[in-house]
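*Asks:* Just dropping this structure here.
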Amino acid sequence: MIEVTKHGVILEKTALGFENEGVLNPAVIRDGESVHLFYRAVRKGNYSTIGYCRLDGPLKVAERFDTPVLFPQAASESHGVEDPRISKIDGLYYLTYTAYDGVNALGAYATTRELPHFEKKGIFTSQVTYEDFQHLAESQHQINKKYLRYNGYSALNSHTDTKALLWNKNVIFFPRRINGKLHFLQRIKPDIQIACVQEMEELTPLFWEDYLMRLEDYIVLAPKFRHEISYIGGGCPPIETAHGWLVIYHGVHDIASGYKYVACAALLDLENPFKELARLPSALFTPDHDYEIRGEVNNVCFPTGTALFDDTLYIYYGAADERIACASVSLSALLAELLLHTTK
């Protein structure tokens, strides 16, 4: 049994206009003894920007900006920029986030060499309608019917002139090139997929059409156990270890009052991350404190970033979609437990 320590809430919403509804789901990266958090800040009406704070060590807030570092600027993000993640590759920081226009939720990114300021690069995930997705995904073979169930037309489509596109969220870069290529996780419900390119310019509409035609080839993790049976999605950027890429992701399952979001863990092969090596058969941690059980969305632990101090892995997560909390675990103990549950 893995021992997980919950350190409680480390960041709450404030009276400031851009974060008076909630703070959650932070992108996290360690730099020396500092930990940078780029978090989703929500104002009333559910409009999101990205705020910033810096921790001294893993838990103590040392600095917090009173204005966002990223905010909606394009029509594709008119309703918010949400749920960032951050990775550093070849000296360049990649901050991915969800661009949301009130109907569509698509993966976008920004880059920088000097934190905490970023230059937006725009949407880089697929931009296809639900009809086109079905045609492409079923053109070569049948797909899991959950893809059609979860990726049907948005109810909002009949109330707006905006064309409804396939949602693609939880886009997260691996922190180094693998065999010379940039790799990133993405989530088209209900599974986690991987995409890889030499350079970002290769992510053209033709690339995505071919990708969606062969979608099953790119699925790396699919729901398997009861605690993740509804759907899963990427959580924290993968962590390179001697045993493989450690992936902390979120799993979702139905409960009487809705959905329950939990933190999960798996290992992927270092040089072929399409290959799952091991997975925990139970959740790493679940909502069991009041700050995780009650909030804007109840029963949510949504991991989005980590910081490693010696052998202690700190996992930062959105708690009940309203506040940011932190849990920690021994990295060596977690890896040892995963290796007891290798994929058959």
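Labels for the structure tokens follow display order: chains A, B, ..., residues from 1 in each chain, ligands from 1.
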Using only C-alpha atoms, which residues of segment 51-98 of chain A come within 9 Å of segment 105-124 of chain A, and what is the closest atom pair for each, with the distance in Å to one decimal? Give it as a tab-separated table, sorted by chain and residue number.

*Replies:*
```
residue	atom	partner	partner_atom	distance
A:Tyr52	CA	A:Pro116	CA	7.7
A:Val69	CA	A:His117	CA	6.6
A:Leu70	CA	A:Phe118	CA	7.7
A:Ala74	CA	A:Gly122	CA	8.8
A:Ser76	CA	A:Leu106	CA	8.4
A:Glu77	CA	A:Ala105	CA	8.5
A:Val81	CA	A:Ala108	CA	9.0
A:Pro84	CA	A:Tyr109	CA	8.8
A:Gly91	CA	A:Arg113	CA	6.6
A:Leu92	CA	A:Arg113	CA	5.1
A:Tyr93	CA	A:Thr112	CA	5.3
A:Tyr94	CA	A:Thr111	CA	4.8
A:Leu95	CA	A:Ala110	CA	5.2
A:Thr96	CA	A:Tyr109	CA	4.2
A:Tyr97	CA	A:Ala108	CA	5.4
A:Thr98	CA	A:Gly107	CA	4.9
```

*Asks:* Got time to write the residues from that selection, N, CA and C atoms, as a compact mmCIF listing (two decimals), in the first residue's frame?

*Replies:*
```
# COMPACT_ATOMS: atom_id res chain seq x y z
N TYR A 52 -0.56 33.47 -11.64
CA TYR A 52 0.79 32.99 -11.34
C TYR A 52 1.13 33.19 -9.87
N VAL A 69 -1.31 36.28 -16.04
CA VAL A 69 -0.19 36.28 -16.97
C VAL A 69 -0.64 35.89 -18.38
N LEU A 70 -1.76 35.20 -18.49
CA LEU A 70 -2.37 34.91 -19.79
C LEU A 70 -3.87 35.12 -19.68
N ALA A 74 -7.98 35.82 -28.42
CA ALA A 74 -8.51 35.41 -29.71
C ALA A 74 -9.95 34.93 -29.56
N SER A 76 -11.15 32.17 -30.40
CA SER A 76 -11.16 30.76 -29.98
C SER A 76 -11.05 30.59 -28.47
N GLU A 77 -10.65 31.64 -27.76
CA GLU A 77 -10.52 31.57 -26.30
C GLU A 77 -11.36 32.65 -25.62
N VAL A 81 -9.12 30.81 -21.01
CA VAL A 81 -7.94 29.97 -21.18
C VAL A 81 -7.84 29.14 -19.90
N PRO A 84 -3.81 24.89 -17.53
CA PRO A 84 -2.48 24.83 -18.14
C PRO A 84 -1.63 23.68 -17.61
N GLY A 91 15.53 23.80 -23.44
CA GLY A 91 15.66 25.15 -22.93
C GLY A 91 14.45 26.04 -23.15
N LEU A 92 13.40 25.51 -23.78
CA LEU A 92 12.20 26.28 -24.07
C LEU A 92 11.04 25.74 -23.24
N TYR A 93 10.33 26.64 -22.57
CA TYR A 93 9.15 26.24 -21.80
C TYR A 93 7.93 26.20 -22.73
N TYR A 94 7.21 25.08 -22.68
CA TYR A 94 5.95 24.94 -23.42
C TYR A 94 4.82 24.93 -22.40
N LEU A 95 3.94 25.91 -22.49
CA LEU A 95 2.75 25.96 -21.63
C LEU A 95 1.55 25.63 -22.50
N THR A 96 0.94 24.48 -22.25
CA THR A 96 -0.27 24.11 -22.97
C THR A 96 -1.48 24.50 -22.14
N TYR A 97 -2.58 24.79 -22.83
CA TYR A 97 -3.81 25.16 -22.13
C TYR A 97 -5.00 24.87 -23.05
N THR A 98 -6.19 24.92 -22.50
CA THR A 98 -7.40 24.74 -23.27
C THR A 98 -7.97 26.10 -23.66
```

*Asks:* Could you give me, as a PyMOL selection string, the residues within 7 Å of Glu21 of chain A, counting only C-alpha atoms and dropping anything in the same chain fewer than 2 positions from it?

*Replies:* chain A and resi 13+19+42-44

*Asks:* Just the selected residues (N, CA and C atoms), exported as a compact mmCIF listing (two decimals), in the first residue's frame, please.

*Replies:*
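That gives us result_37.txt:
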```
# COMPACT_ATOMS: atom_id res chain seq x y z
N LYS A 13 -9.09 31.04 -3.76
CA LYS A 13 -9.55 32.20 -4.52
C LYS A 13 -9.44 33.45 -3.66
N GLU A 19 -10.12 36.21 -10.17
CA GLU A 19 -10.07 34.90 -9.51
C GLU A 19 -11.02 34.84 -8.32
N VAL A 42 -10.60 31.69 -12.13
CA VAL A 42 -11.95 31.81 -12.66
C VAL A 42 -12.67 32.99 -12.01
N ARG A 43 -13.23 33.84 -12.84
CA ARG A 43 -14.06 34.93 -12.33
C ARG A 43 -15.52 34.55 -12.51
N LYS A 44 -16.39 35.31 -11.86
CA LYS A 44 -17.82 35.01 -11.89
C LYS A 44 -18.30 34.97 -13.33
```

*Asks:* Go through segment 226-258 of chain A and flag each residue having an atom no more than 12 Å from segment 280-299 of chain A; for those, report the closest pair of atoms plus their distance in Å to one decimal, using only C-alpha atoms, ordered by chain and rising number, as CSV.

*Replies:*
```
residue,atom,partner,partner_atom,distance
A:Arg226,CA,A:Ser282,CA,8.1
A:His227,CA,A:Ala283,CA,6.5
A:Glu228,CA,A:Ala283,CA,8.3
A:Ile229,CA,A:Ser282,CA,11.4
A:Ile232,CA,A:Ala283,CA,11.9
A:Leu246,CA,A:Leu280,CA,11.3
A:Val247,CA,A:Leu280,CA,10.8
A:Ile248,CA,A:Leu284,CA,8.7
A:Tyr249,CA,A:Leu284,CA,9.6
A:His250,CA,A:Ala283,CA,9.0
A:Gly251,CA,A:Ala283,CA,8.0
A:Val252,CA,A:Asn299,CA,10.2
A:His253,CA,A:Asn299,CA,10.6
A:Asp254,CA,A:Asn299,CA,10.8
A:Ile255,CA,A:Asn299,CA,9.6
A:Ala256,CA,A:Asn299,CA,11.4
A:Ser257,CA,A:Asn298,CA,8.8
A:Gly258,CA,A:Asn298,CA,8.5
```

*Asks:* Output as a PyMOL selection string all residues of segment 26-192 of chain A that backbone DSSP marks as strand (DSSP E).

*Replies:* chain A and resi 26-31+34-43+47-56+60-64+80-89+92-100+105-112+119-123+169-173+182-187+192

*Asks:* So that I can check the surroundings of Ala278 of chain A, please list as a list in words every protein, DNA and RNA residue that reaches within 8 Å of it, counting only C-alpha atoms and ignoring chain neighbours fewer than 2 positions away.

*Replies:* Ala266, Leu267, Leu268, Glu276, Leu280, Leu338, Leu339, His341, Thr342 and Thr343 of chain A

*Asks:* When DSSP works through the backbone of this structure, what residues of segment 260-304 of chain A end up as alpha helix (DSSP H), shown as a list in words?

*Replies:* Asp290, Tyr291, Glu292 and Ile293 of chain A
